[in-house]
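Raw contents of final.tsv, TSV, C-alpha atoms and all ligand atoms:
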chain	number	residue	atom	x	y	z
A	11	MET	CA	-16.15	28.75	-51.96
A	12	ALA	CA	-17.05	25.10	-51.45
A	13	GLU	CA	-19.91	24.06	-53.67
A	14	GLN	CA	-23.16	23.68	-51.78
A	15	HIS	CA	-24.79	20.30	-52.26
A	16	SER	CA	-27.06	20.17	-49.25
A	17	VAL	CA	-30.11	19.02	-51.20
A	18	PRO	CA	-29.93	16.43	-53.97
A	19	ARG	CA	-31.86	17.48	-57.05
A	20	HIS	CA	-31.87	14.00	-58.51
A	21	ILE	CA	-32.22	10.88	-56.40
A	22	ALA	CA	-32.06	7.35	-57.76
A	23	ILE	CA	-33.46	4.41	-55.84
A	24	VAL	CA	-32.91	0.66	-55.89
A	25	MET	CA	-36.17	-0.48	-54.30
A	26	ASP	CA	-34.87	-3.73	-52.81
A	27	GLY	CA	-36.47	-6.01	-50.25
A	28	ASN	CA	-40.03	-6.52	-51.48
A	29	GLY	CA	-39.65	-10.29	-51.58
A	30	ARG	CA	-38.22	-10.51	-48.06
A	31	TRP	CA	-40.92	-8.18	-46.74
A	32	ALA	CA	-43.56	-10.57	-48.11
A	33	SER	CA	-41.76	-13.76	-46.98
A	34	LYS	CA	-41.54	-12.45	-43.42
A	35	ARG	CA	-45.34	-12.25	-43.48
A	36	PHE	CA	-45.84	-15.64	-45.17
A	37	LEU	CA	-47.22	-13.80	-48.19
A	38	PRO	CA	-46.40	-14.43	-51.86
A	39	ARG	CA	-43.53	-12.28	-53.17
A	40	ILE	CA	-45.90	-10.39	-55.40
A	41	ALA	CA	-47.62	-8.99	-52.28
A	42	GLY	CA	-44.29	-7.35	-51.46
A	43	HIS	CA	-44.15	-5.76	-54.91
A	44	ASN	CA	-47.71	-4.46	-54.51
A	45	LYS	CA	-46.74	-2.92	-51.19
A	46	GLY	CA	-43.64	-1.54	-52.93
A	47	VAL	CA	-45.85	0.42	-55.31
A	48	GLU	CA	-47.54	2.07	-52.30
A	49	THR	CA	-44.13	3.04	-50.93
A	50	LEU	CA	-43.10	4.43	-54.30
A	51	LYS	CA	-46.23	6.61	-54.37
A	52	ARG	CA	-45.47	7.96	-50.88
A	53	ILE	CA	-41.86	8.74	-51.67
A	54	VAL	CA	-42.69	10.40	-54.99
A	55	SER	CA	-45.28	12.58	-53.25
A	56	ALA	CA	-42.71	13.57	-50.62
A	57	CYS	CA	-40.06	14.73	-53.11
A	58	PRO	CA	-41.25	18.13	-54.39
A	59	SER	CA	-41.50	19.64	-50.89
A	60	ARG	CA	-37.91	18.49	-50.33
A	61	LYS	CA	-36.75	20.30	-53.49
A	62	ILE	CA	-35.97	17.07	-55.33
A	63	ASP	CA	-36.91	17.47	-58.99
A	64	THR	CA	-35.95	14.09	-60.46
A	65	VAL	CA	-36.45	10.57	-59.12
A	66	THR	CA	-35.16	7.53	-60.99
A	67	VAL	CA	-36.21	4.10	-59.74
A	68	PHE	CA	-35.14	0.58	-60.67
A	69	ALA	CA	-38.40	-1.32	-61.18
A	70	PHE	CA	-37.40	-4.24	-63.41
A	71	SER	CA	-33.88	-5.13	-64.47
A	72	SER	CA	-32.74	-6.85	-67.65
A	73	GLU	CA	-31.85	-9.79	-65.36
A	74	ASN	CA	-35.27	-9.94	-63.65
A	75	TRP	CA	-36.58	-12.01	-66.59
A	76	ASN	CA	-34.76	-14.90	-64.89
A	77	ARG	CA	-37.18	-14.83	-61.94
A	78	PRO	CA	-40.01	-17.39	-61.71
A	79	VAL	CA	-42.46	-16.85	-64.54
A	80	GLU	CA	-45.34	-16.02	-62.17
A	81	GLU	CA	-43.29	-13.27	-60.50
A	82	VAL	CA	-42.36	-11.77	-63.89
A	83	SER	CA	-45.96	-11.78	-65.10
A	84	GLY	CA	-47.07	-10.45	-61.70
A	85	LEU	CA	-44.68	-7.50	-62.04
A	86	MET	CA	-45.98	-6.79	-65.56
A	87	ASP	CA	-49.56	-6.85	-64.22
A	88	ILE	CA	-48.62	-4.55	-61.33
A	89	LEU	CA	-47.10	-2.08	-63.77
A	90	ALA	CA	-50.13	-2.13	-66.08
A	91	MET	CA	-52.56	-1.73	-63.16
A	92	ALA	CA	-50.51	0.96	-61.44
A	93	LEU	CA	-50.43	2.97	-64.65
A	94	SER	CA	-54.16	2.80	-65.29
A	95	ARG	CA	-54.85	3.72	-61.64
A	96	GLU	CA	-52.15	6.30	-60.94
A	97	VAL	CA	-51.71	8.38	-64.10
A	98	PRO	CA	-54.60	10.76	-63.28
A	99	LYS	CA	-53.03	11.51	-59.87
A	100	LEU	CA	-49.58	11.95	-61.41
A	101	GLN	CA	-51.22	14.40	-63.80
A	102	ARG	CA	-52.74	16.37	-60.95
A	103	ASP	CA	-49.40	16.44	-59.12
A	104	GLY	CA	-47.44	17.57	-62.19
A	105	VAL	CA	-45.30	14.42	-62.39
A	106	ARG	CA	-43.71	13.58	-65.74
A	107	LEU	CA	-43.29	9.85	-66.21
A	108	ARG	CA	-40.63	8.33	-68.44
A	109	PHE	CA	-39.78	4.67	-68.89
A	110	ILE	CA	-36.12	3.92	-69.34
A	111	GLY	CA	-35.07	0.60	-70.82
A	112	SER	CA	-35.57	-1.75	-73.72
A	113	ARG	CA	-39.10	-2.25	-75.00
A	114	GLU	CA	-38.04	-5.59	-76.48
A	115	GLY	CA	-39.79	-8.55	-74.90
A	116	LEU	CA	-42.60	-6.44	-73.42
A	117	SER	CA	-46.16	-7.36	-74.39
A	118	ALA	CA	-48.17	-5.06	-76.64
A	119	ARG	CA	-50.39	-4.23	-73.62
A	120	VAL	CA	-47.46	-3.17	-71.45
A	121	LYS	CA	-45.80	-1.21	-74.27
A	122	LYS	CA	-49.02	0.68	-74.93
A	123	GLY	CA	-49.41	1.39	-71.21
A	124	LEU	CA	-45.91	2.90	-71.09
A	125	GLU	CA	-46.41	4.99	-74.22
A	126	ASP	CA	-49.82	6.30	-73.10
A	127	ALA	CA	-48.53	7.22	-69.65
A	128	GLU	CA	-45.53	9.05	-71.11
A	129	ALA	CA	-47.70	10.94	-73.57
A	130	ALA	CA	-50.32	11.85	-70.95
A	131	THR	CA	-47.73	13.32	-68.56
A	132	ALA	CA	-45.34	14.82	-71.13
A	133	SER	CA	-46.04	18.45	-70.29
A	134	ASN	CA	-45.72	18.07	-66.49
A	135	SER	CA	-42.78	19.75	-64.80
A	136	VAL	CA	-43.04	19.57	-61.00
A	137	LEU	CA	-41.17	16.26	-60.78
A	138	SER	CA	-39.61	13.90	-63.31
A	139	LEU	CA	-40.13	10.25	-62.45
A	140	ASN	CA	-37.93	7.92	-64.48
A	141	VAL	CA	-38.91	4.29	-64.12
A	142	CYS	CA	-36.14	1.94	-65.24
A	143	PHE	CA	-38.02	-1.04	-66.57
A	144	ASN	CA	-36.35	-3.82	-68.56
A	145	TYR	CA	-33.21	-1.79	-67.94
A	146	GLY	CA	-29.58	-2.58	-67.27
A	147	GLY	CA	-26.65	-0.18	-67.07
A	148	ARG	CA	-24.56	-2.38	-69.36
A	149	TRP	CA	-27.42	-2.58	-71.86
A	150	ASP	CA	-27.63	1.22	-71.83
A	151	ILE	CA	-23.89	1.73	-72.44
A	152	ALA	CA	-23.68	-0.99	-75.11
A	153	THR	CA	-26.77	0.32	-76.93
A	154	ALA	CA	-25.43	3.87	-76.91
A	155	ALA	CA	-21.99	2.76	-78.15
A	156	ALA	CA	-23.53	0.66	-80.93
A	157	ARG	CA	-25.68	3.60	-82.04
A	158	LEU	CA	-22.66	5.93	-82.17
A	159	ALA	CA	-20.60	3.33	-84.05
A	160	ALA	CA	-23.39	2.75	-86.57
A	161	SER	CA	-23.63	6.47	-87.30
A	162	GLY	CA	-19.85	6.86	-87.52
A	163	THR	CA	-19.78	9.24	-84.53
A	164	PRO	CA	-16.48	9.14	-82.60
A	165	ILE	CA	-17.01	7.63	-79.17
A	166	THR	CA	-15.98	10.12	-76.49
A	167	GLU	CA	-17.18	10.61	-72.92
A	168	GLU	CA	-19.33	13.49	-74.15
A	169	SER	CA	-20.88	11.71	-77.15
A	170	LEU	CA	-21.52	8.54	-75.14
A	171	SER	CA	-23.13	10.52	-72.30
A	172	GLN	CA	-25.41	12.18	-74.81
A	173	ALA	CA	-26.41	8.84	-76.36
A	174	LEU	CA	-27.45	7.22	-73.06
A	175	SER	CA	-31.08	6.87	-72.12
A	176	LEU	CA	-30.90	9.41	-69.28
A	177	ALA	CA	-29.12	12.08	-71.33
A	178	PHE	CA	-32.06	14.45	-70.81
A	179	CYS	CA	-31.38	14.86	-67.07
A	180	SER	CA	-28.47	15.48	-64.73
A	181	ASP	CA	-26.66	12.52	-63.14
A	182	PRO	CA	-28.11	11.34	-59.81
A	183	ASP	CA	-26.71	13.21	-56.84
A	184	LEU	CA	-27.75	10.51	-54.42
A	185	VAL	CA	-28.41	6.80	-54.89
A	186	ILE	CA	-30.46	5.12	-52.18
A	187	ARG	CA	-30.58	1.34	-51.97
A	188	THR	CA	-32.88	-0.30	-49.46
A	189	GLY	CA	-32.86	-3.90	-48.29
A	190	HIS	CA	-29.39	-3.93	-46.69
A	191	GLU	CA	-27.56	-4.93	-49.88
A	192	MET	CA	-24.55	-2.86	-50.84
A	193	ARG	CA	-24.15	-3.02	-54.57
A	194	LEU	CA	-25.42	-1.28	-57.70
A	195	SER	CA	-26.74	-4.40	-59.46
A	196	ASN	CA	-26.25	-2.97	-62.97
A	197	PHE	CA	-28.18	0.25	-62.18
A	198	LEU	CA	-27.04	3.53	-63.83
A	199	LEU	CA	-23.43	2.35	-64.12
A	200	TRP	CA	-22.28	5.38	-66.13
A	201	GLN	CA	-24.37	8.03	-64.41
A	202	THR	CA	-23.34	7.14	-60.83
A	203	ALA	CA	-19.62	7.89	-61.31
A	204	TYR	CA	-19.81	10.69	-58.71
A	205	SER	CA	-23.11	9.97	-57.01
A	206	GLU	CA	-23.24	9.67	-53.25
A	207	LEU	CA	-24.37	6.20	-52.17
A	208	TYR	CA	-26.68	5.56	-49.23
A	209	PHE	CA	-27.68	2.12	-48.03
A	210	SER	CA	-30.74	1.62	-45.85
A	211	GLU	CA	-31.35	-1.48	-43.77
A	212	LEU	CA	-35.08	-1.06	-44.27
A	213	LEU	CA	-36.89	-3.26	-46.76
A	214	TRP	CA	-38.42	-1.10	-49.49
A	215	PRO	CA	-42.06	-1.54	-48.33
A	216	ASP	CA	-41.00	-0.19	-44.91
A	217	PHE	CA	-39.16	2.84	-46.32
A	218	ASP	CA	-41.06	6.05	-45.55
A	219	GLU	CA	-40.72	9.83	-45.38
A	220	ALA	CA	-38.67	9.64	-42.17
A	221	ALA	CA	-36.28	7.20	-43.84
A	222	LEU	CA	-36.03	9.51	-46.85
A	223	ASP	CA	-35.23	12.42	-44.54
A	224	ALA	CA	-32.51	10.35	-42.84
A	225	ALA	CA	-30.95	9.71	-46.26
A	226	LEU	CA	-31.16	13.41	-47.14
A	227	LEU	CA	-29.58	14.40	-43.82
A	228	ASP	CA	-26.75	11.97	-44.42
A	229	TYR	CA	-26.30	13.37	-47.94
A	230	ALA	CA	-26.11	16.92	-46.57
A	231	SER	CA	-23.10	15.92	-44.47
A	232	ARG	CA	-21.12	14.60	-47.45
A	233	GLU	CA	-18.40	16.59	-49.16
A	234	ARG	CA	-18.66	16.05	-52.91
A	235	ARG	CA	-15.20	16.54	-54.33
A	236	PHE	CA	-15.63	15.26	-57.91
A	237	GLY	CA	-11.96	14.25	-57.94
A	238	LYS	CA	-10.71	17.53	-56.45
A	239	THR	CA	-9.24	18.08	-52.99
A	240	SER	CA	-11.04	19.61	-50.03
A	241	ASP	CA	-8.65	22.58	-50.19
A	242	GLN	CA	-9.46	23.23	-53.82
A	243	LEU	CA	-13.17	23.20	-53.03
A	244	SER	CA	-12.78	25.58	-50.11
A	245	GLY	CA	-10.54	27.96	-52.08
A	246	ASN	CA	-7.40	27.29	-50.00
A	247	SER	CA	-5.43	25.84	-52.92
A	248	ALA	CA	-4.17	29.23	-54.14
A	249	ALA	CA	-2.68	29.97	-50.72
A	250	LYS	CA	-0.83	26.67	-50.78
A	251	ALA	CA	0.29	26.73	-54.42
B	301	LIG	C1	-36.48	-5.82	-55.63
B	301	LIG	O1	-36.94	-6.50	-54.51
B	301	LIG	C2	-37.61	-5.20	-56.31
B	301	LIG	C3	-37.98	-5.46	-57.58
B	301	LIG	C4	-37.28	-6.41	-58.46
B	301	LIG	C5	-39.15	-4.81	-58.15
B	301	LIG	C6	-39.38	-3.42	-57.68
B	301	LIG	C7	-40.72	-3.04	-58.04
B	301	LIG	C8	-41.56	-2.29	-57.29
B	301	LIG	C9	-41.23	-1.63	-56.02
B	301	LIG	C10	-42.89	-2.06	-57.73
B	301	LIG	C11	-42.95	-0.85	-58.60
B	301	LIG	C12	-42.97	-1.40	-59.89
B	301	LIG	C13	-43.47	-0.88	-60.93
B	301	LIG	C14	-43.75	-1.86	-61.95
B	301	LIG	C15	-43.69	0.59	-61.14
B	301	LIG	P1	-36.70	-8.04	-54.46
B	301	LIG	O2	-37.86	-8.72	-55.08
B	301	LIG	O3	-35.39	-8.39	-55.08
B	301	LIG	O4	-36.67	-8.31	-52.92
B	301	LIG	P2	-35.79	-9.36	-52.14
B	301	LIG	O5	-34.36	-8.92	-52.27
B	301	LIG	O6	-36.28	-9.23	-50.73
B	301	LIG	O7	-36.06	-10.70	-52.73

Could you write out this file's structure as structure tokens?
Amino acid sequence: MAEQHSVPRHIAIVMDGNGRWASKRFLPRIAGHNKGVETLKRIVSACPSRKIDTVTVFAFSSENWNRPVEEVSGLMDILAMALSREVPKLQRDGVRLRFIGSREGLSARVKKGLEDAEAATASNSVLSLNVCFNYGGRWDIATAAARLAASGTPITEESLSQALSLAFCSDPDLVIRTGHEMRLSNFLLWQTAYSELYFSELLWPDFDEAALDAALLDYASRERRFGKTSDQLSGNSAAKA
């Protein structure tokens, strides 16, 4: 029997295009990020009814520190404000929030906001929302390898997987990137080895439930072979062997 993968349990999203969305409207880039938070709320709310149980989003990369200082501080403010405003609703909706990434370089205010939000939502189980913040896939792999080396643990695929920051959940089934760019940009480099990739031309603030459904429909048409052949998956290999 071919494995059924019609619904992704874990989707990961590169929320690209906020800056262009704002520029097209002669607005400061930060207005695009604010609108991006609204989109994120809509998409997170839409996931449980679509049987998605984990969403991982790329909110601030290790490289985003290189952006203009006002955009970086604007993103930090947006995060702090979104947390103080949204955690009660996430609580009501059963969403467990986790922040994935280095805490180095974050202000005491932001760090406390992340810790409080994680603690407040720790017992929720309807949906896991992993927010990659000050995160890079290379950082994650290098940090995990250094930790294993320091403890004298042999580095194998299994031990490295278990040392990564997303070891608590399954790998993403589907990666969605908006904004018409077709690259991973240092997002979940290890975990996306067999993820299906979907690129949307929409800018993230314009992404909505219909766009999510289009991505899910596309995903349902994919055959996930994980290195095997179609015949092996459909059980025809024995006949041919
Ligand atoms: C990429 O668009 C987006 C980001 C770097 C930030 C994404 C953040 C949000 C959607 C807000 C949610 C954030 C938090 C803090 C929870 P871009 O700025 O690279 O857009 P561009 O490619 O059009 O310039």

- request: Find the residues near segment 28-30 of chain A: any atom within 12 Å, counting all atoms listed in the file, skip ones fewer than 5 places away on the same chain, and give them as a ChimeraX atom specification.
  value: /A:35-50,69,77,81,85,188-190,212-217

task: Quick one: everything within 9 Å of segment 165-171 of chain A, counting only C-alpha atoms, minus sequence neighbours fewer than 2 positions away in the same chain. Send it as a VMD selection string.
output: chain A and resid 151 154 to 155 158 to 159 162 to 163 173 to 177 200 to 201

query: What is the distance between atom CA of Asp223 of chain A and atom CA of Asn134 of chain A, in Å to one decimal?
result: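 Atom CA of Asn134 of chain A lies 25.0 Å from atom CA of Asp223 of chain A.
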
- request: Could you give me, as an MDAnalysis selection string, the residues that have an atom at most 12 Å away from the point (-27.5, -3.2, -76.4) in the coordinates of the file, using all atoms listed in the file?
  value: chainID A and resid 72 111:114 144:158 174:175

message: Restricting the calculation to only C-alpha atoms and all ligand atoms: of A:Phe236, A:Tyr208, A:Phe178, A:Phe197, which residue gets closest to ligand LIG 301 (chain B)?
response: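 Checking each candidate against ligand LIG 301 (chain B), we get A:Phe197 as the closest.
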
message: Report, in Å to a single decimal, how far apart atom C10 of ligand LIG 301 (chain B) and atom CA of Gly84 of chain A are.
response: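 Taking atom CA of Gly84 of chain A as the start and atom C10 of ligand LIG 301 (chain B) as the end point, the length is 10.2 Å.
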
Minimum-distance residue to Ala225 of chain A, chosen among A:Ser133, A:Ser71, A:Asn196, A:Ser210 (using only C-alpha atoms):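 Answer, going by the shortest atom-to-atom distance: A:Ser210.
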
field: A:Ile62, A:Val67, A:Leu198, A:Leu100 ranked by distance to Ala130 of chain A, top pick (using only C-alpha atoms)
entry: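 So, comparing all the options, the nearest one is A:Leu100.
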
message: Using only C-alpha atoms, which protein or nucleic acid residues come within 12 Å of Arg95 of chain A? Drop anything in the same chain fewer than 3 positions from it, and give the result as number ranges by chain.
response: A: 47-48, 51, 88-92, 98-101, 123, 127

Please produce a file of the residues just selected, as a CSV table (one decimal), in the frame of the given file, where the atoms kept are C-alpha atoms.
chain,number,residue,atom,x,y,z
A,47,VAL,CA,-45.8,0.4,-55.3
A,48,GLU,CA,-47.5,2.1,-52.3
A,51,LYS,CA,-46.2,6.6,-54.4
A,88,ILE,CA,-48.6,-4.6,-61.3
A,89,LEU,CA,-47.1,-2.1,-63.8
A,90,ALA,CA,-50.1,-2.1,-66.1
A,91,MET,CA,-52.6,-1.7,-63.2
A,92,ALA,CA,-50.5,1.0,-61.4
A,98,PRO,CA,-54.6,10.8,-63.3
A,99,LYS,CA,-53.0,11.5,-59.9
A,100,LEU,CA,-49.6,12.0,-61.4
A,101,GLN,CA,-51.2,14.4,-63.8
A,123,GLY,CA,-49.4,1.4,-71.2
A,127,ALA,CA,-48.5,7.2,-69.6

message: From the options A:Arg102, A:Arg187, A:Lys61, A:Arg235, which residue's atoms come nearest to ligand LIG 301 (chain B), counting all atoms listed in the file?
response: A:Arg187
